[in-house]
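One structure below.
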Amino acid sequence: MQKQFRNSLMSVAVLAALGVSDYAAAQLEEVVVTARKRAESMQDVPMAISAFSAQQLQDAQIDGMEDLERMTPNVTLTETSGLQAGSIAVFIRGIGNDPGFAQGVGIYVDDVYMNRTAGALLEVYDVERIEVLKGPQGHLYGRNTIGGAIKYVSREPSEEVMGGVELKTGEFDLMQLKANISGPIIGDTLLGSFGALYRERDGIQENTLDGEEFWDQDVASYRGSLIWNATDSLRIKLAGDYFKDDSTPRIPNRSGVNTAFMGQLDFFTNGANFFLAPGTGLLQSPNDAGLPSDPDEVSTDQGALLDEYEIEATTVAVTIDWDINDQWSFKSITAQRNVDHIQPFDFDGSEQNFINTINDREFEDFSQEFQVNYSGDSFEVVAGAYYLDGDTSAPGVTTQTPRLLGTTLQFKDTFVDEREIQSTSVYANVDWSISESWQLSFGGRYTKDEREERQQATVDQTLYALALGNTPFGVVPLAIAPGQGDNAAASPNFVAWATPFTDAIDISFPEPTNAKDDWTEFSPSARLTWFATDDMMVYAGFSNGFKSGGFQRQSGKSTAFDPETVDSYTLGIKSTWLDGTLRANGEVFLNDYQDKQLATIGLVEGNLEEFVDNVGELETSGVELELIWLPALEGLTVGLNVGYLDVDVKAFDSEEGDRADTTAIGFSPDWTVAARVNYDFDLSDWGTMMIGTDVAYRTDSYTNSPIDLTNEAAAEAQIQEEHAIWNAIAAFRSADGHWRVAVEGKNLEDKRVVTNTFDLTLFQTAGYNMPRTWAVSVGYEF
């Protein structure tokens, strides 16, 4: 794999060297970002930022948020396909969105924070640019995030009529339509825009049990906005978007099996059939269904349940911009986001009926942000207040464990499930230009998070009779099927009853869970910047991040765990060389991670239990380098980004003591490298042709957290192996700029790797990356 990647890099170097004798006067375009809540050149912002324009995203085949993973170093973006479809896992420099916890990386759409990972796998359409910010974000952004932020900036309504439509078809009978239109409604006073995306695709996975297909796509997304320029200094924007996902979900594959435990379970549930009498055992077939040989072959008897999957999300936001005078401005962002998510789960990755759940959850998130900005000769100030009220309700949640796990068959029906978070915060940041060459930035944020949960459930359980039977392994307890007690007792190998009852009995009991707690935190930041020349900036910074606490729910009890914090130290450089044809940005970082929230999930007396607490201390460190170069061949662009990451588990408290030496953290490959070459050239009077190729390389990494290294089989089942993914595109643009025709290919070598896993003690399940795909698109813009 390393040889393959070296060969790809050599190809990049050969292409780049083609034009050394024919110097082109082209220079890199300035990249304007709003990372510090004002428009400025990316090269003037003293923090690690990657920004991509609409055309860059299109030419790089970025169709969804997860494709951004290969665009910037030390970033992992994946669907949580090892457990469930439709939610996103984002990790930046080893810090991210661990399932079941508050988000470590914030996702924003036009400054509106998305409080849920469900429905956050955003489709890329009608977009102006996407920014990726690394490190704690709290003194400039509405919601504090500990690892970074991804900003999705949609296209603003235009003052002239413009729009476009694109039709794409390809592998797996893909049919995709994108369309947008924008322009004035009432002169330059009222402007409007509308964008839409619809995608259909056949299933990639086949259910070997009945031939049904999973992992198809049936997605529709719409976005619209109105801008009212009330006066020269007052602007009001009303924006809304709607997203509907009616796909059949991606089904996890079984990636590992605890054969020793499963063998014991088989013996316990099937043994009576062999050692007492046929038909007396609880089960008639073994539990272990084995591992699939093909990542696109799945096996489940829960097709009807999984077909219930659905995500429907609606967002409405009102943004008011008021330029008070030449120095002061005011901004208000009011947003309401509602998400309905039907989440079916088949936990075991096989046709066996171990643990199945369906959660029908409704999320309602209201946020309000007020922001004041000051711009003077020496000072730039951002100050704001932020409020978030997030409600979760579930009309019904059912958990089933129909096969024996221990001695219990459990049906858990939750008829009340209400959860609420209220977050209130104030923040400020000051950029002080001490001189023409030096700038000092300092900021802080005070946050108070309050969480409350109210849950009422009933648990119906069946306890099975256990008979002691003579076997070649001694006298052991064997589970007896309902109504088979007399037949079991008549066997010559029957010794005695291990339970006080000789037939299955049913019990039922309520299980209420109520919890409430709050946490406060102050998060400071400081940064010193030296503008060494017009083309070089060096900076050093410190920032503190904070992620809210929560509750561990276990057997009707709820225990609060504390927030986690990180102290982040950075040293970076941003520079432009070779007469504006080479941009080189780099950063060295160290993150001191305290009170790390970690969860482990296992089976306790037949019940699925989650154990959560502040048990970890981590240290993540590394370096990043991002280069973009215009060689001396007109139309050629070369890009390279390299990231190195080292994650050191300092402490992991457990009942057995400190497990730091035997614990690993996932989503943290040591090396992430990506290289890209684009070559644009004229086709006489017809137009221009762009040929591009990129390769993204990652060393091996774990795909879950935490990983118990003492369980070698489980650890091995949760590794993404070292790999490189190669993509290519050829796109023609007409001379008048109206038409675009493209042929696209992703994962051309059809490299399949695990991207996300889930550990259920008995077995592990995994989701895989997309196979090789091709597509042809035709677009028209006016």
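Ligands are numbered from 1 in the order shown, chains are lettered A, B, ... in the order of the structure tokens, and residues start at 1 in each chain.
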
Find the residues of stretch 151-214 of chain A that sit at most 10 Å from stretch 343-356 of chain A; for each, write down the nearest two atoms and how far apart they are in Å, to one decimal. Count only C-alpha atoms. Sort by chain, then by number going up, and give it as a tab-separated table.
```
residue	atom	partner	partner_atom	distance
A:Asn207	CA	A:Glu351	CA	9.3
A:Thr208	CA	A:Glu351	CA	9.2
A:Leu209	CA	A:Glu351	CA	7.3
```

Exercise. Just the residues within 12 Å of A:Leu306, please, counting only C-alpha atoms, with nothing from its chain fewer than 3 positions along; format it as an MDAnalysis selection string.
Key: chainID A and resid 84:85 207 212:215 246:252 300:303 309:310 342:347 356:359

Would you write out those residues with C-alpha atoms, as a compact mmCIF listing (two decimals), in the first residue's frame?
```txt
# COMPACT_ATOMS: atom_id res chain seq x y z
CA GLN A 84 -26.89 2.82 12.74
CA ALA A 85 -27.36 4.71 9.50
CA ASN A 207 -29.60 -9.75 2.15
CA GLU A 212 -33.73 -7.89 -0.34
CA GLU A 213 -31.49 -4.89 -1.01
CA PHE A 214 -30.22 -2.45 1.62
CA TRP A 215 -28.10 0.70 1.53
CA ASP A 246 -36.58 7.41 2.88
CA SER A 247 -33.70 5.10 2.03
CA THR A 248 -33.33 1.56 3.25
CA PRO A 249 -30.45 1.90 5.71
CA ARG A 250 -26.94 0.55 5.55
CA ILE A 251 -26.87 -2.69 7.55
CA PRO A 252 -23.88 -3.43 9.78
CA THR A 300 -30.95 -10.28 8.69
CA ASP A 301 -34.49 -11.49 9.32
CA GLN A 302 -35.49 -7.99 10.46
CA GLY A 303 -36.13 -6.51 7.02
CA TYR A 309 -35.95 3.83 8.87
CA GLU A 310 -36.63 7.49 8.13
CA ILE A 342 -37.04 6.45 13.18
CA GLN A 343 -34.02 4.38 14.20
CA PRO A 344 -34.29 0.61 13.75
CA PHE A 345 -31.37 -1.49 14.97
CA ASP A 346 -30.40 -5.10 14.36
CA PHE A 347 -27.43 -5.30 16.69
CA ASN A 356 -33.46 -5.58 18.02
CA THR A 357 -34.71 -2.11 18.82
CA ILE A 358 -36.70 0.62 17.16
CA ASN A 359 -36.55 4.19 18.44
```

Exercise. Step one, run DSSP on the backbone; step two, keep only residues of stretch 319-433 of chain A assigned to strand (DSSP E); then write them as JSON, numbers by chain.
Key: {"A": [319, 320, 321, 322, 323, 328, 329, 330, 331, 332, 333, 334, 335, 336, 337, 338, 339, 340, 341, 342, 343, 344, 345, 346, 356, 357, 358, 359, 360, 361, 362, 363, 364, 365, 366, 367, 368, 369, 370, 371, 372, 373, 374, 375, 379, 380, 381, 382, 383, 384, 385, 386, 387, 388, 389, 390, 391, 392, 393, 394, 395, 396, 397, 398, 399, 400, 401, 402, 403, 404, 405, 408, 409, 410, 411, 412, 413, 414, 415, 416, 417, 418, 419, 420, 421, 422, 423, 424, 425, 426, 427, 428, 429, 430, 431, 432, 433]}

Quiz prompt | Contact residues around A:Thr570 with only C-alpha atoms at 8 Å, ignoring same-chain residues under 6 positions, as number ranges by chain | solution = A: 540-542, 587-590

Based on the selection just made, write C-alpha atoms of those residues as a compact mmCIF listing (two decimals), in the first residue's frame.
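Written out: selection.txt:
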```txt
# COMPACT_ATOMS: atom_id res chain seq x y z
CA ALA A 540 1.29 30.70 18.78
CA GLY A 541 -1.93 30.04 20.65
CA PHE A 542 -3.70 28.50 23.61
CA GLU A 587 0.62 23.88 12.41
CA VAL A 588 2.07 21.91 15.32
CA PHE A 589 -0.41 21.11 18.09
CA LEU A 590 -0.68 19.53 21.53
```

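Taking atom CA of A:Ala515 and atom CA of A:Glu420 as endpoints, the distance between them is 10.6 Å.
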
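If only C-alpha atoms are the atoms counted, then among A:Val612, A:Leu466, A:Ser543, A:Gln103 the closest residue to A:Ala560 is A:Val612.
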
Practice problem: Tell me which protein, DNA and RNA residues are within 10 Å of A:Asn97, counting only C-alpha atoms, leaving out same-chain ones fewer than 3 positions away, and put them as a list in words. | Solution: Leu77, Ile88, Ala89, Val90, Phe91, Ile92, Gly94, Gly100, Phe101, Ala102, Gln103, Gly104, Val105, Gly106, Thr117, Ile146 and Gly147 of chain A

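Between A:Ala730 and the candidates A:Ser705, A:Ser329, A:Thr688, A:Gln336, the tightest atom-to-atom separation, counting only C-alpha atoms, involves A:Thr688.
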
Exercise. Write out as a PyMOL selection string each polymer residue whose atoms come within 6 Å of A:Phe494, counting only C-alpha atoms; drop sequence neighbours fewer than 3 positions from it.
Key: chain A and resi 469+489+491

Selection export as an mmCIF file, in the first residue's frame, atoms kept: N, CA and C atoms:
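Saved result, selection-v4.cif, follows:
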```cif
data_model
loop_
_atom_site.group_PDB
_atom_site.id
_atom_site.type_symbol
_atom_site.label_atom_id
_atom_site.label_comp_id
_atom_site.auth_asym_id
_atom_site.auth_seq_id
_atom_site.Cartn_x
_atom_site.Cartn_y
_atom_site.Cartn_z
ATOM 1 N N GLY A 469 -28.112 -31.394 34.172
ATOM 2 C CA GLY A 469 -28.025 -32.628 33.411
ATOM 3 C C GLY A 469 -26.614 -33.185 33.381
ATOM 4 N N ALA A 489 -37.358 -33.893 32.581
ATOM 5 C CA ALA A 489 -37.194 -34.621 33.841
ATOM 6 C C ALA A 489 -37.217 -36.128 33.642
ATOM 7 N N SER A 491 -35.692 -37.759 31.351
ATOM 8 C CA SER A 491 -34.449 -38.220 30.755
ATOM 9 C C SER A 491 -33.575 -38.896 31.808
#
```

Quiz prompt | Neighbour list for A:Ser425 as a PyMOL selection string, cut-off 12 Å, only C-alpha atoms, skip fewer than 2 positions in-chain | solution = chain A and resi 138-144+367-371+383-388+422-423+427-428+444-450+519-523

Export of the given selection (C-alpha atoms) as a PDB file, in the first residue's frame:
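Written file, result28.pdb:
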```pdb
ATOM      1  CA  GLY A 138     -15.990  28.692  21.878  1.00  0.00           C
ATOM      2  CA  HIS A 139     -14.936  32.310  22.027  1.00  0.00           C
ATOM      3  CA  LEU A 140     -16.265  33.024  18.508  1.00  0.00           C
ATOM      4  CA  TYR A 141     -19.074  30.527  17.990  1.00  0.00           C
ATOM      5  CA  GLY A 142     -22.572  30.028  19.324  1.00  0.00           C
ATOM      6  CA  ARG A 143     -22.131  26.542  20.788  1.00  0.00           C
ATOM      7  CA  ASN A 144     -18.899  25.559  22.463  1.00  0.00           C
ATOM      8  CA  SER A 367     -31.374  28.585  19.383  1.00  0.00           C
ATOM      9  CA  GLN A 368     -30.868  32.312  19.747  1.00  0.00           C
ATOM     10  CA  GLU A 369     -27.600  34.135  19.286  1.00  0.00           C
ATOM     11  CA  PHE A 370     -26.921  37.851  19.686  1.00  0.00           C
ATOM     12  CA  GLN A 371     -23.604  39.205  18.504  1.00  0.00           C
ATOM     13  CA  ALA A 383     -18.949  39.593  21.738  1.00  0.00           C
ATOM     14  CA  GLY A 384     -22.084  37.518  21.953  1.00  0.00           C
ATOM     15  CA  ALA A 385     -24.661  35.601  23.941  1.00  0.00           C
ATOM     16  CA  TYR A 386     -26.020  32.207  22.967  1.00  0.00           C
ATOM     17  CA  TYR A 387     -28.998  30.154  24.116  1.00  0.00           C
ATOM     18  CA  LEU A 388     -29.960  26.613  23.092  1.00  0.00           C
ATOM     19  CA  GLN A 422     -30.612  24.158  28.026  1.00  0.00           C
ATOM     20  CA  SER A 423     -27.305  25.836  27.294  1.00  0.00           C
ATOM     21  CA  TYR A 427     -18.391  34.892  24.860  1.00  0.00           C
ATOM     22  CA  ALA A 428     -15.993  37.535  23.624  1.00  0.00           C
ATOM     23  CA  GLY A 444     -13.193  33.707  26.820  1.00  0.00           C
ATOM     24  CA  ARG A 445     -16.507  31.959  27.191  1.00  0.00           C
ATOM     25  CA  TYR A 446     -18.733  31.214  30.152  1.00  0.00           C
ATOM     26  CA  THR A 447     -21.155  28.322  29.653  1.00  0.00           C
ATOM     27  CA  LYS A 448     -23.893  26.802  31.769  1.00  0.00           C
ATOM     28  CA  ASP A 449     -25.456  23.543  30.562  1.00  0.00           C
ATOM     29  CA  GLU A 450     -28.532  22.038  32.223  1.00  0.00           C
ATOM     30  CA  TRP A 519     -22.482  22.178  34.815  1.00  0.00           C
ATOM     31  CA  THR A 520     -20.660  25.478  34.359  1.00  0.00           C
ATOM     32  CA  GLU A 521     -17.318  26.169  32.743  1.00  0.00           C
ATOM     33  CA  PHE A 522     -15.103  29.115  31.768  1.00  0.00           C
ATOM     34  CA  SER A 523     -13.013  28.562  28.647  1.00  0.00           C
TER      35      SER A 523
END
```
